[in-house]
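Next up, final_23.txt (compact mmCIF, C-alpha atoms (C1' of nucleotides)):
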# COMPACT_ATOMS: atom_id res chain seq x y z
CA MET N 1 0.00 0.00 0.00
CA ILE N 2 1.29 3.38 -1.09
CA SER N 3 3.80 3.25 -3.88
CA GLY N 4 5.44 6.54 -3.03
CA LYS N 5 6.30 5.15 0.39
CA PHE N 6 9.98 5.92 0.09
CA ALA N 7 9.46 9.53 -0.96
CA ILE N 8 6.88 10.13 1.75
CA THR N 9 9.03 8.49 4.40
CA ILE N 10 12.12 10.48 3.42
CA HIS N 11 10.06 13.63 3.58
CA ILE N 12 8.80 12.80 7.06
CA LEU N 13 12.24 11.89 8.32
CA THR N 14 13.81 15.03 6.87
CA LEU N 15 11.30 17.14 8.75
CA LEU N 16 11.93 15.23 11.96
CA THR N 17 15.65 15.72 11.47
CA LYS N 18 15.15 19.45 11.09
CA PHE N 19 13.24 19.64 14.38
CA PRO N 20 14.91 16.95 16.46
CA ASN N 21 13.54 18.24 19.75
CA ASP N 22 9.90 18.62 18.83
CA TYR N 23 7.04 16.22 18.52
CA LEU N 24 5.63 17.05 15.10
CA SER N 25 1.97 16.32 14.47
CA SER N 26 0.82 14.31 11.49
CA GLU N 27 -1.20 17.35 10.48
CA PHE N 28 1.88 19.54 10.37
CA ILE N 29 3.87 16.97 8.42
CA ALA N 30 0.97 16.40 6.04
CA GLY N 31 0.92 20.15 5.41
CA SER N 32 4.47 20.09 4.12
CA ILE N 33 3.93 17.02 1.94
CA ASN N 34 0.43 18.11 0.98
CA LEU N 35 -0.95 14.73 1.82
CA ASN N 36 -3.74 13.36 3.92
CA PRO N 37 -2.65 13.11 7.58
CA VAL N 38 -3.90 9.54 7.79
CA LEU N 39 -1.41 8.48 5.15
CA VAL N 40 1.35 10.19 7.11
CA ARG N 41 0.34 8.29 10.22
CA LYS N 42 0.40 5.05 8.28
CA GLU N 43 3.99 5.63 7.24
CA ILE N 44 4.87 6.67 10.75
CA ALA N 45 3.39 3.40 11.99
CA ASN N 46 5.89 1.63 9.75
CA LEU N 47 8.76 3.73 11.07
CA LYS N 48 7.69 3.00 14.62
CA ALA N 49 7.68 -0.70 13.92
CA HIS N 50 11.32 -0.27 12.93
CA HIS N 51 12.07 1.85 16.01
CA ILE N 52 13.20 4.79 13.94
CA VAL N 53 10.74 7.22 15.48
CA GLU N 54 8.64 7.45 18.61
CA SER N 55 5.22 9.02 18.99
CA LYS N 56 3.26 10.51 21.78
CA GLU N 57 -0.52 10.36 21.74
CA GLY N 58 -2.90 12.98 23.06
CA LYS N 59 -2.69 16.74 23.19
CA ASN N 60 0.63 18.19 22.04
CA GLY N 61 1.46 14.73 20.84
CA GLY N 62 3.26 13.87 17.66
CA THR N 63 6.34 12.11 16.44
CA LYS N 64 10.08 12.60 16.80
CA LEU N 65 13.21 10.76 15.75
CA ALA N 66 14.26 7.91 18.02
CA VAL N 67 17.69 7.50 16.45
CA ASP N 68 20.63 9.71 15.61
CA SER N 69 20.20 11.00 12.06
CA THR N 70 23.90 10.50 11.42
CA LYS N 71 23.57 6.82 12.27
CA ILE N 72 20.85 5.82 9.85
CA THR N 73 21.35 5.57 6.11
CA LEU N 74 19.06 5.82 3.14
CA LYS N 75 19.68 2.15 2.51
CA GLU N 76 17.88 1.24 5.73
CA ILE N 77 15.04 3.56 4.86
CA PHE N 78 14.89 2.06 1.40
CA GLU N 79 14.65 -1.41 2.87
CA MET N 80 11.84 -0.38 5.21
CA THR N 81 9.72 1.05 2.47
CA PHE N 82 10.59 -0.37 -0.88
CA GLU N 83 11.55 -3.99 -0.75
CA THR N 84 13.61 -4.07 -3.94
CA ILE N 85 14.06 -2.38 -7.23
CA ASN N 86 13.04 -4.29 -10.31
CA LEU N 87 11.97 -3.70 -13.86
CA GLY N 88 9.05 -6.09 -13.74
CA TYR N 89 8.45 -9.78 -14.16
CA ALA N 90 6.37 -11.99 -16.39
CA LYS N 91 3.32 -12.19 -14.17
CA ASN N 92 1.07 -14.61 -16.03
CA GLN N 93 2.93 -17.86 -15.48
CA PRO N 94 5.04 -17.95 -18.62
CA ASN N 95 4.82 -21.16 -20.60
CA PRO N 96 6.80 -23.87 -18.79
CA ASP N 97 7.15 -25.86 -22.00
CA CYS N 98 9.18 -23.08 -23.58
CA PRO N 99 12.83 -22.94 -22.57
CA VAL N 100 12.64 -19.17 -22.42
CA GLY N 101 9.33 -19.01 -20.57
CA LYS N 102 10.59 -21.57 -18.10
CA LYS N 103 13.58 -19.53 -16.99
CA ILE N 104 12.71 -15.93 -17.72
CA ASN N 105 11.72 -14.91 -14.21
CA GLN N 106 14.71 -16.63 -12.69
CA ASN N 107 17.07 -14.81 -15.03
CA LEU N 108 15.37 -11.48 -14.48
CA SER N 109 15.66 -12.04 -10.74
CA ALA N 110 19.39 -12.53 -11.00
CA LEU N 111 19.71 -9.37 -13.03
CA TYR N 112 17.66 -7.36 -10.56
CA ALA N 113 19.61 -8.76 -7.61
CA ASP N 114 22.74 -7.21 -9.10
CA MET N 115 20.94 -3.94 -9.58
CA ASN N 116 19.82 -3.88 -5.98
CA GLN N 117 23.27 -4.57 -4.73
CA LYS N 118 24.61 -1.54 -6.60
CA VAL N 119 21.80 0.70 -5.46
CA SER N 120 22.19 -0.47 -1.87
CA LEU N 121 25.85 0.39 -1.95
CA GLN N 122 25.02 3.89 -3.09
CA LEU N 123 22.29 4.44 -0.52
CA ASP N 124 24.38 3.05 2.28
CA GLY N 125 26.80 5.93 1.73
CA ILE N 126 24.18 8.57 2.50
CA SER N 127 23.03 9.19 6.05
CA LEU N 128 19.70 10.79 6.83
CA GLU N 129 21.74 13.70 8.18
CA ASP N 130 23.56 14.05 4.84
CA PHE N 131 20.30 14.08 2.96
CA SER N 132 18.69 16.58 5.32
CA ASN N 133 21.63 18.93 5.09
CA GLN N 134 20.79 19.57 1.46
CA PHE N 135 17.75 21.56 2.55
CA MET H 1 1.28 1.96 -20.81
CA ILE H 2 2.31 -1.47 -19.59
CA SER H 3 4.50 -1.41 -16.53
CA GLY H 4 6.15 -4.73 -17.20
CA LYS H 5 7.37 -3.36 -20.53
CA PHE H 6 10.98 -4.21 -19.85
CA ALA H 7 10.27 -7.79 -18.85
CA ILE H 8 7.97 -8.35 -21.81
CA THR H 9 10.40 -6.77 -24.22
CA ILE H 10 13.33 -8.81 -22.94
CA HIS H 11 11.22 -11.93 -23.31
CA ILE H 12 10.33 -11.07 -26.89
CA LEU H 13 13.91 -10.26 -27.80
CA THR H 14 15.25 -13.42 -26.21
CA LEU H 15 12.89 -15.49 -28.33
CA LEU H 16 13.88 -13.59 -31.46
CA THR H 17 17.52 -14.17 -30.60
CA LYS H 18 16.90 -17.89 -30.26
CA PHE H 19 15.31 -18.04 -33.73
CA PRO H 20 17.26 -15.41 -35.62
CA ASN H 21 16.20 -16.68 -39.05
CA ASP H 22 12.47 -16.97 -38.51
CA TYR H 23 9.65 -14.50 -38.49
CA LEU H 24 7.87 -15.27 -35.22
CA SER H 25 4.18 -14.44 -34.96
CA SER H 26 2.80 -12.40 -32.09
CA GLU H 27 0.63 -15.37 -31.27
CA PHE H 28 3.61 -17.65 -30.87
CA ILE H 29 5.46 -15.14 -28.74
CA ALA H 30 2.35 -14.48 -26.66
CA GLY H 31 2.15 -18.22 -26.04
CA SER H 32 5.55 -18.25 -24.40
CA ILE H 33 4.87 -15.18 -22.29
CA ASN H 34 1.28 -16.16 -21.68
CA LEU H 35 0.08 -12.73 -22.62
CA ASN H 36 -2.45 -11.28 -24.99
CA PRO H 37 -1.01 -11.07 -28.52
CA VAL H 38 -2.14 -7.47 -28.85
CA LEU H 39 0.13 -6.48 -26.01
CA VAL H 40 3.00 -8.26 -27.69
CA ARG H 41 2.35 -6.35 -30.89
CA LYS H 42 2.34 -3.10 -28.97
CA GLU H 43 5.77 -3.78 -27.58
CA ILE H 44 6.95 -4.87 -30.98
CA ALA H 45 5.69 -1.56 -32.36
CA ASN H 46 8.00 0.16 -29.90
CA LEU H 47 10.93 -2.01 -30.91
CA LYS H 48 10.23 -1.28 -34.55
CA ALA H 49 10.25 2.43 -33.87
CA HIS H 50 13.75 1.92 -32.51
CA HIS H 51 14.77 -0.24 -35.49
CA ILE H 52 15.61 -3.21 -33.30
CA VAL H 53 13.25 -5.57 -35.09
CA GLU H 54 11.47 -5.77 -38.41
CA SER H 55 8.07 -7.25 -39.15
CA LYS H 56 6.36 -8.71 -42.12
CA GLU H 57 2.60 -8.46 -42.46
CA GLY H 58 0.31 -11.01 -44.02
CA LYS H 59 0.39 -14.78 -44.11
CA ASN H 60 3.55 -16.30 -42.65
CA GLY H 61 4.36 -12.87 -41.36
CA GLY H 62 5.88 -12.05 -38.00
CA THR H 63 8.85 -10.35 -36.47
CA LYS H 64 12.60 -10.94 -36.47
CA LEU H 65 15.64 -9.17 -35.10
CA ALA H 66 16.98 -6.36 -37.26
CA VAL H 67 20.25 -6.02 -35.37
CA ASP H 68 23.02 -8.29 -34.22
CA SER H 69 22.23 -9.55 -30.74
CA THR H 70 25.86 -9.12 -29.72
CA LYS H 71 25.69 -5.44 -30.60
CA ILE H 72 22.76 -4.38 -28.47
CA THR H 73 22.88 -4.11 -24.70
CA LEU H 74 20.29 -4.32 -21.98
CA LYS H 75 20.93 -0.66 -21.30
CA GLU H 76 19.49 0.28 -24.67
CA ILE H 77 16.52 -1.97 -24.08
CA PHE H 78 16.05 -0.44 -20.66
CA GLU H 79 16.03 3.01 -22.16
CA MET H 80 13.46 2.04 -24.76
CA THR H 81 11.05 0.64 -22.24
CA PHE H 82 11.60 2.07 -18.82
CA GLU H 83 12.57 5.68 -18.85
CA THR H 84 14.27 5.74 -15.47
CA ILE H 85 14.34 4.03 -12.15
CA ASN H 86 13.03 5.95 -9.19
CA LEU H 87 11.59 5.38 -5.76
CA GLY H 88 8.76 7.85 -6.20
CA TYR H 89 8.20 11.55 -5.83
CA ALA H 90 5.96 13.79 -3.80
CA LYS H 91 3.14 14.05 -6.30
CA ASN H 92 0.76 16.54 -4.66
CA GLN H 93 2.73 19.76 -5.01
CA PRO H 94 4.54 19.80 -1.69
CA ASN H 95 4.21 23.02 0.28
CA PRO H 96 6.41 25.68 -1.35
CA ASP H 97 6.48 27.66 1.89
CA CYS H 98 8.25 24.83 3.67
CA PRO H 99 11.99 24.60 3.04
CA VAL H 100 11.74 20.84 2.85
CA GLY H 101 8.62 20.76 0.69
CA LYS H 102 10.19 23.28 -1.64
CA LYS H 103 13.23 21.17 -2.46
CA ILE H 104 12.20 17.59 -1.83
CA ASN H 105 11.56 16.59 -5.42
CA GLN H 106 14.71 18.25 -6.62
CA ASN H 107 16.79 16.37 -4.06
CA LEU H 108 15.07 13.09 -4.79
CA SER H 109 15.76 13.63 -8.48
CA ALA H 110 19.45 14.05 -7.83
CA LEU H 111 19.50 10.87 -5.79
CA TYR H 112 17.65 8.92 -8.47
CA ALA H 113 19.93 10.27 -11.19
CA ASP H 114 22.86 8.65 -9.41
CA MET H 115 20.95 5.42 -9.12
CA ASN H 116 20.22 5.39 -12.82
CA GLN H 117 23.80 6.00 -13.69
CA LYS H 118 24.88 2.96 -11.69
CA VAL H 119 22.18 0.77 -13.15
CA SER H 120 22.97 1.92 -16.67
CA LEU H 121 26.59 1.02 -16.20
CA GLN H 122 25.60 -2.47 -15.15
CA LEU H 123 23.14 -3.00 -18.00
CA ASP H 124 25.55 -1.65 -20.56
CA GLY H 125 27.84 -4.56 -19.76
CA ILE H 126 25.27 -7.17 -20.80
CA SER H 127 24.47 -7.78 -24.45
CA LEU H 128 21.21 -9.32 -25.57
CA GLU H 129 23.30 -12.27 -26.71
CA ASP H 130 24.77 -12.64 -23.20
CA PHE H 131 21.34 -12.59 -21.66
CA SER H 132 19.91 -15.08 -24.16
CA ASN H 133 22.77 -17.48 -23.64
CA GLN H 134 21.55 -18.10 -20.11
CA PHE H 135 18.61 -20.04 -21.48
C1' DT U 1 -8.36 -14.76 -57.39
C1' DC U 2 -9.81 -16.17 -53.22
C1' DA U 3 -9.32 -18.13 -48.62
C1' DT U 4 -6.20 -17.86 -44.98
C1' DA U 5 -3.11 -16.04 -41.68
C1' DC U 6 -0.86 -12.51 -40.28
C1' DT U 7 0.14 -7.26 -38.61
C1' DG U 8 -1.47 -2.61 -36.93
C1' DT U 9 -4.27 -0.01 -34.27
C1' DA U 10 -8.31 1.92 -32.01
C1' DA U 11 -11.77 1.53 -28.71
C1' DT U 12 -13.31 -0.32 -24.80
C1' DA U 13 -13.57 -3.16 -20.59
C1' DA U 14 -11.87 -5.22 -16.54
C1' DA U 15 -8.72 -5.74 -12.87
C1' DA U 16 -5.34 -4.25 -9.88
C1' DT U 17 -3.17 -0.83 -7.23
C1' DA U 18 -2.61 3.55 -5.12
C1' DT U 19 -4.45 7.34 -2.87
C1' DG U 20 -7.87 9.82 -0.20
C1' DT U 21 -11.71 10.30 3.20
C1' DT U 22 -14.58 9.65 7.10
C1' DA U 23 -15.23 8.14 11.46
C1' DC U 24 -14.30 7.20 15.96
C1' DA U 25 -12.01 4.97 20.07
C1' DA U 26 -8.19 5.76 23.09
C1' DA U 27 -4.70 8.67 25.09
C1' DT U 28 -2.84 12.86 27.19
C1' DG U 29 -2.01 17.69 28.59
C1' DT U 30 -4.14 21.82 30.61
C1' DA D 1 -14.11 18.24 31.57
C1' DC D 2 -12.28 19.69 27.28
C1' DA D 3 -9.41 20.08 23.39
C1' DT D 4 -6.10 17.84 20.70
C1' DT D 5 -3.72 14.26 18.96
C1' DT D 6 -2.56 9.29 17.66
C1' DG D 7 -4.13 4.66 15.86
C1' DT D 8 -6.84 2.15 12.95
C1' DA D 9 -10.63 0.34 10.34
C1' DA D 10 -13.75 0.78 6.74
C1' DC D 11 -14.87 2.63 2.76
C1' DA D 12 -14.55 5.60 -1.59
C1' DT D 13 -12.23 7.39 -5.51
C1' DA D 14 -8.70 7.81 -8.89
C1' DT D 15 -5.13 6.08 -11.58
C1' DT D 16 -2.65 2.73 -13.91
C1' DT D 17 -2.13 -1.69 -15.90
C1' DT D 18 -3.64 -5.42 -18.34
C1' DA D 19 -6.97 -7.74 -21.33
C1' DT D 20 -10.42 -8.09 -24.99
C1' DT D 21 -12.86 -7.24 -29.13
C1' DA D 22 -13.06 -5.70 -33.53
C1' DC D 23 -11.69 -4.84 -37.90
C1' DA D 24 -8.99 -2.72 -41.81
C1' DG D 25 -4.90 -3.68 -44.42
C1' DT D 26 -1.32 -6.85 -46.34
C1' DA D 27 1.04 -10.85 -48.04
C1' DT D 28 1.03 -15.94 -49.30
C1' DG D 29 -0.04 -19.70 -51.75
C1' DA D 30 -3.47 -23.12 -53.41

Please rewrite the model in this file as structure tokens.
Amino acid sequence: MISGKFAITIHILTLLTKFPNDYLSSEFIAGSINLNPVLVRKEIANLKAHHIVESKEGKNGGTKLAVDSTKITLKEIFEMTFETINLGYAKNQPNPDCPVGKKINQNLSALYADMNQKVSLQLDGISLEDFSNQF
Amino acid sequence: MISGKFAITIHILTLLTKFPNDYLSSEFIAGSINLNPVLVRKEIANLKAHHIVESKEGKNGGTKLAVDSTKITLKEIFEMTFETINLGYAKNQPNPDCPVGKKINQNLSALYADMNQKVSLQLDGISLEDFSNQF
DNA sequence: TCATACTGTAATAAAATATGTTACAAATGT
DNA sequence: ACATTTGTAACATATTTTATTACAGTATGA
């Protein structure tokens, strides 16, 4: 659910990094993203499950970072929100009687695995702090 | 149109590489992919526009490779079918009055541009012939 | 020259996925 | 008590992807 998960999550985390001492409300965050607050809370729920942020309910509640922004990398955020990169698979059970159909998904998988390794290496070199400092 | 364009196109081209002297019908190709023949023809139309394949209409018609499979790389195929890789953008005009909202898409773009460069480098090292030889 | 087997393409339908909304219980500060 | 906020479920809408139908045009070969 939510295909722009990574973008939304990065946006949330950048805001939290900018205000590390405040509990930001989902309404406030949603105002920056221009997104429904419920969707923000859903992504925050995911971040909480990974112990990246903590929330406080009730009045003056909200969410703040639970980790040091220099210690977490975009790779980890990627993995929390966007399983893997790929360029698609044959989804309708390709013909198992055809040598190509039989192995196409397996060979695509191997190709995509390489892609992901390269992307992961790149993202692992960028901390949330690095990314936030661009703003 | 068609998100699995790359996968479908690779499948088509692998088949054409395996039978470099035959005109394969969209029906035959669709049988291996297990896909509607019209969708196959649409992807073939794209390949024709890029002069990668040629087709013959009428009885005993079909499609065959128009280039040497050792001369074309997966990078070129990627570029014909899958503009760029990305992990999503903020789509609802993020708030321009927020320093983060104002620059988020720009910074995501820069990140994704790096990703694409790395992926392109990988795909440029694999010819269609290389890929087909795995089957 | 006619039946057949293809491509090419448009129009439309169906299915899948992503995004947005409403509603409300539960928690917490003042 | 009251206002404000999270958490979550249920539902609604929009968008994108995939599939289908239909048919005109073209080549082949009996």

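Polymer residues near (10.7, 9.8, 17.6): counting all atoms listed in the file with a cut-off of 7 Å, they are Ile52, Val53, Glu54, Ser55, Thr63, Lys64, Leu65 and Ala66 of chain N.
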
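Look at everything within 10 Å of (18.6, -6.3, -10.3) using all atoms listed in the file, and the residues you get are Thr84, Ile85, Asn86, Leu87, Asn107, Leu108, Ser109, Ala110, Leu111, Tyr112, Ala113, Asp114, Met115, Asn116, Gln117, Lys118 and Val119 of chain N; Val119, Gln122 and Leu123 of chain H.
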
Report task. Determine which residues of chain H sit within 10 Å of chain D, taking into account all atoms listed in the file, and present them as a ChimeraX atom specification. Result -> /H:1-4,35-39,56-61

Rotated and translated chain H onto chain N by C-alpha atoms, as a short mmCIF file (atom, residue, chain, number, x, y, z; two decimals) with C-alpha atoms, in the coordinates of the input:
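Everything below was put into result.cif:
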data_model
loop_
_atom_site.label_atom_id
_atom_site.label_comp_id
_atom_site.auth_asym_id
_atom_site.auth_seq_id
_atom_site.Cartn_x
_atom_site.Cartn_y
_atom_site.Cartn_z
CA MET H 1 0.17 -0.05 0.05
CA ILE H 2 1.39 3.36 -1.05
CA SER H 3 3.88 3.25 -3.87
CA GLY H 4 5.52 6.53 -3.03
CA LYS H 5 6.36 5.14 0.41
CA PHE H 6 10.04 5.92 0.10
CA ALA H 7 9.51 9.51 -0.96
CA ILE H 8 6.93 10.12 1.75
CA THR H 9 9.07 8.49 4.39
CA ILE H 10 12.15 10.47 3.42
CA HIS H 11 10.08 13.63 3.58
CA ILE H 12 8.81 12.79 7.05
CA LEU H 13 12.26 11.91 8.32
CA THR H 14 13.82 15.04 6.88
CA LEU H 15 11.30 17.16 8.75
CA LEU H 16 11.92 15.24 11.96
CA THR H 17 15.64 15.75 11.48
CA LYS H 18 15.14 19.48 11.09
CA PHE H 19 13.20 19.66 14.37
CA PRO H 20 14.89 17.00 16.45
CA ASN H 21 13.51 18.29 19.76
CA ASP H 22 9.86 18.66 18.84
CA TYR H 23 7.01 16.24 18.52
CA LEU H 24 5.59 17.05 15.09
CA SER H 25 1.93 16.29 14.45
CA SER H 26 0.81 14.28 11.45
CA GLU H 27 -1.20 17.29 10.41
CA PHE H 28 1.85 19.51 10.32
CA ILE H 29 3.86 16.96 8.39
CA ALA H 30 0.97 16.37 6.00
CA GLY H 31 0.91 20.11 5.37
CA SER H 32 4.46 20.07 4.09
CA ILE H 33 3.94 17.01 1.92
CA ASN H 34 0.45 18.06 0.94
CA LEU H 35 -0.91 14.66 1.75
CA ASN H 36 -3.70 13.26 3.84
CA PRO H 37 -2.64 13.03 7.50
CA VAL H 38 -3.87 9.45 7.71
CA LEU H 39 -1.34 8.41 5.11
CA VAL H 40 1.38 10.13 7.08
CA ARG H 41 0.36 8.24 10.20
CA LYS H 42 0.49 4.99 8.28
CA GLU H 43 4.05 5.60 7.25
CA ILE H 44 4.90 6.67 10.76
CA ALA H 45 3.44 3.38 12.00
CA ASN H 46 5.95 1.62 9.78
CA LEU H 47 8.81 3.73 11.09
CA LYS H 48 7.72 3.01 14.64
CA ALA H 49 7.73 -0.70 13.96
CA HIS H 50 11.37 -0.26 12.97
CA HIS H 51 12.12 1.88 16.04
CA ILE H 52 13.24 4.83 13.96
CA VAL H 53 10.76 7.24 15.50
CA GLU H 54 8.65 7.48 18.62
CA SER H 55 5.22 9.03 19.00
CA LYS H 56 3.24 10.52 21.78
CA GLU H 57 -0.54 10.35 21.73
CA GLY H 58 -2.92 12.95 23.05
CA LYS H 59 -2.77 16.72 23.16
CA ASN H 60 0.55 18.17 22.03
CA GLY H 61 1.42 14.72 20.83
CA GLY H 62 3.26 13.87 17.64
CA THR H 63 6.34 12.11 16.42
CA LYS H 64 10.08 12.62 16.81
CA LEU H 65 13.21 10.79 15.76
CA ALA H 66 14.26 7.95 18.04
CA VAL H 67 17.70 7.55 16.50
CA ASP H 68 20.62 9.76 15.64
CA SER H 69 20.22 11.03 12.10
CA THR H 70 23.92 10.53 11.46
CA LYS H 71 23.59 6.85 12.31
CA ILE H 72 20.87 5.85 9.89
CA THR H 73 21.37 5.58 6.15
CA LEU H 74 19.08 5.84 3.18
CA LYS H 75 19.71 2.17 2.56
CA GLU H 76 17.92 1.26 5.77
CA ILE H 77 15.07 3.57 4.88
CA PHE H 78 14.92 2.04 1.42
CA GLU H 79 14.68 -1.40 2.91
CA MET H 80 11.87 -0.38 5.23
CA THR H 81 9.76 1.07 2.48
CA PHE H 82 10.63 -0.37 -0.87
CA GLU H 83 11.52 -4.00 -0.74
CA THR H 84 13.56 -4.10 -3.93
CA ILE H 85 14.01 -2.39 -7.22
CA ASN H 86 12.97 -4.29 -10.31
CA LEU H 87 11.90 -3.69 -13.86
CA GLY H 88 8.99 -6.10 -13.72
CA TYR H 89 8.40 -9.79 -14.15
CA ALA H 90 6.33 -11.99 -16.41
CA LYS H 91 3.27 -12.19 -14.21
CA ASN H 92 1.02 -14.63 -16.09
CA GLN H 93 2.88 -17.89 -15.54
CA PRO H 94 5.02 -17.97 -18.66
CA ASN H 95 4.83 -21.18 -20.66
CA PRO H 96 6.79 -23.88 -18.82
CA ASP H 97 7.15 -25.87 -22.03
CA CYS H 98 9.16 -23.08 -23.62
CA PRO H 99 12.81 -22.92 -22.61
CA VAL H 100 12.62 -19.16 -22.44
CA GLY H 101 9.30 -19.01 -20.61
CA LYS H 102 10.57 -21.56 -18.13
CA LYS H 103 13.55 -19.51 -17.00
CA ILE H 104 12.66 -15.91 -17.73
CA ASN H 105 11.68 -14.90 -14.22
CA GLN H 106 14.65 -16.62 -12.71
CA ASN H 107 17.02 -14.79 -15.04
CA LEU H 108 15.31 -11.47 -14.48
CA SER H 109 15.60 -12.02 -10.74
CA ALA H 110 19.33 -12.52 -11.01
CA LEU H 111 19.65 -9.34 -13.03
CA TYR H 112 17.58 -7.35 -10.55
CA ALA H 113 19.54 -8.75 -7.61
CA ASP H 114 22.67 -7.19 -9.08
CA MET H 115 20.86 -3.92 -9.56
CA ASN H 116 19.76 -3.87 -5.95
CA GLN H 117 23.22 -4.56 -4.72
CA LYS H 118 24.56 -1.54 -6.59
CA VAL H 119 21.77 0.71 -5.42
CA SER H 120 22.17 -0.46 -1.84
CA LEU H 121 25.83 0.37 -1.93
CA GLN H 122 25.03 3.88 -3.07
CA LEU H 123 22.30 4.46 -0.49
CA ASP H 124 24.40 3.06 2.30
CA GLY H 125 26.82 5.92 1.75
CA ILE H 126 24.21 8.58 2.52
CA SER H 127 23.06 9.21 6.07
CA LEU H 128 19.73 10.82 6.85
CA GLU H 129 21.75 13.73 8.21
CA ASP H 130 23.58 14.07 4.87
CA PHE H 131 20.33 14.08 2.98
CA SER H 132 18.70 16.61 5.32
CA ASN H 133 21.65 18.95 5.11
CA GLN H 134 20.81 19.59 1.47
CA PHE H 135 17.78 21.59 2.53
#

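Counting from atom C1' of DA5 of chain U, the distance to atom CA of Ser132 of chain H is 28.9 Å.
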
Query raised in the report: From the set H:Ile29, H:Ala49, H:Ile8, H:Leu16, which residue has the shortest atom-to-atom contact distance to chain N, counting all atoms listed in the file?
Result: H:Ile8

Give the centre and edge lengths of an axis-aligned box, in Å to one decimal, that holds all listed atoms of segment 78-89 of chain N with 3 Å on each side, as lines of an AutoDock Vina configuration file.
center_x = 11.7
center_y = -3.9
center_z = -4.5
size_x = 12.4
size_y = 17.8
size_z = 25.4

Select residues of chain U: the criterion is any atom within 10 Å of an atom of chain H, counting all atoms listed in the file; output as a PDB file with C-alpha atoms (C1' of nucleotides), keeping the file's coordinate frame.
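What ended up in selection.pdb:
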ATOM      1  C1'  DT U   4      -6.200 -17.860 -44.980  1.00  0.00           C
ATOM      2  C1'  DA U   5      -3.110 -16.040 -41.680  1.00  0.00           C
ATOM      3  C1'  DC U   6      -0.860 -12.510 -40.280  1.00  0.00           C
ATOM      4  C1'  DT U   7       0.140  -7.260 -38.610  1.00  0.00           C
ATOM      5  C1'  DG U   8      -1.470  -2.610 -36.930  1.00  0.00           C
ATOM      6  C1'  DT U   9      -4.270  -0.010 -34.270  1.00  0.00           C
TER       7       DT U   9
END

**Report entry** Surrounding residues of His50 of chain H excluding itself and chain neighbours under 5 positions, 10 Å, all atoms listed in the file, as number ranges by chain
**Finding:** H: 44-45, 76-77, 80

Write the residues you've just listed into a file as a PDB file, keeping the file's coordinate frame, and include C-alpha atoms for each of them.
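Now in out06.pdb:
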ATOM      1  CA  ILE H  44       6.950  -4.870 -30.980  1.00  0.00           C
ATOM      2  CA  ALA H  45       5.690  -1.560 -32.360  1.00  0.00           C
ATOM      3  CA  GLU H  76      19.490   0.280 -24.670  1.00  0.00           C
ATOM      4  CA  ILE H  77      16.520  -1.970 -24.080  1.00  0.00           C
ATOM      5  CA  MET H  80      13.460   2.040 -24.760  1.00  0.00           C
TER       6      MET H  80
END

Requested in this report: Hey, list the chain N side of the contact with chain H: 8 Å cut-off, only C-alpha atoms, answer as a ChimeraX atom specification.
Outcome: /N:3-8,11,14-15,31-35,82,87-90,92-95,98-101,103-104,107-108,115,118-119,122,134-135

Written selection (C-alpha atoms) as a CSV table (one decimal), in the coordinates of the input:
chain,number,residue,atom,x,y,z
N,3,SER,CA,3.8,3.2,-3.9
N,4,GLY,CA,5.4,6.5,-3.0
N,5,LYS,CA,6.3,5.2,0.4
N,6,PHE,CA,10.0,5.9,0.1
N,7,ALA,CA,9.5,9.5,-1.0
N,8,ILE,CA,6.9,10.1,1.8
N,11,HIS,CA,10.1,13.6,3.6
N,14,THR,CA,13.8,15.0,6.9
N,15,LEU,CA,11.3,17.1,8.8
N,31,GLY,CA,0.9,20.2,5.4
N,32,SER,CA,4.5,20.1,4.1
N,33,ILE,CA,3.9,17.0,1.9
N,34,ASN,CA,0.4,18.1,1.0
N,35,LEU,CA,-1.0,14.7,1.8
N,82,PHE,CA,10.6,-0.4,-0.9
N,87,LEU,CA,12.0,-3.7,-13.9
N,88,GLY,CA,9.0,-6.1,-13.7
N,89,TYR,CA,8.4,-9.8,-14.2
N,90,ALA,CA,6.4,-12.0,-16.4
N,92,ASN,CA,1.1,-14.6,-16.0
N,93,GLN,CA,2.9,-17.9,-15.5
N,94,PRO,CA,5.0,-18.0,-18.6
N,95,ASN,CA,4.8,-21.2,-20.6
N,98,CYS,CA,9.2,-23.1,-23.6
N,99,PRO,CA,12.8,-22.9,-22.6
N,100,VAL,CA,12.6,-19.2,-22.4
N,101,GLY,CA,9.3,-19.0,-20.6
N,103,LYS,CA,13.6,-19.5,-17.0
N,104,ILE,CA,12.7,-15.9,-17.7
N,107,ASN,CA,17.1,-14.8,-15.0
N,108,LEU,CA,15.4,-11.5,-14.5
N,115,MET,CA,20.9,-3.9,-9.6
N,118,LYS,CA,24.6,-1.5,-6.6
N,119,VAL,CA,21.8,0.7,-5.5
N,122,GLN,CA,25.0,3.9,-3.1
N,134,GLN,CA,20.8,19.6,1.5
N,135,PHE,CA,17.8,21.6,2.6

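In this model, the gap between atom CA of Ser69 of chain H and atom CA of Pro20 of chain H comes to 9.1 Å.
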
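Taking atom CA of Glu43 of chain N as the reference point, atom CA of Thr73 of chain N is found at 17.4 Å.
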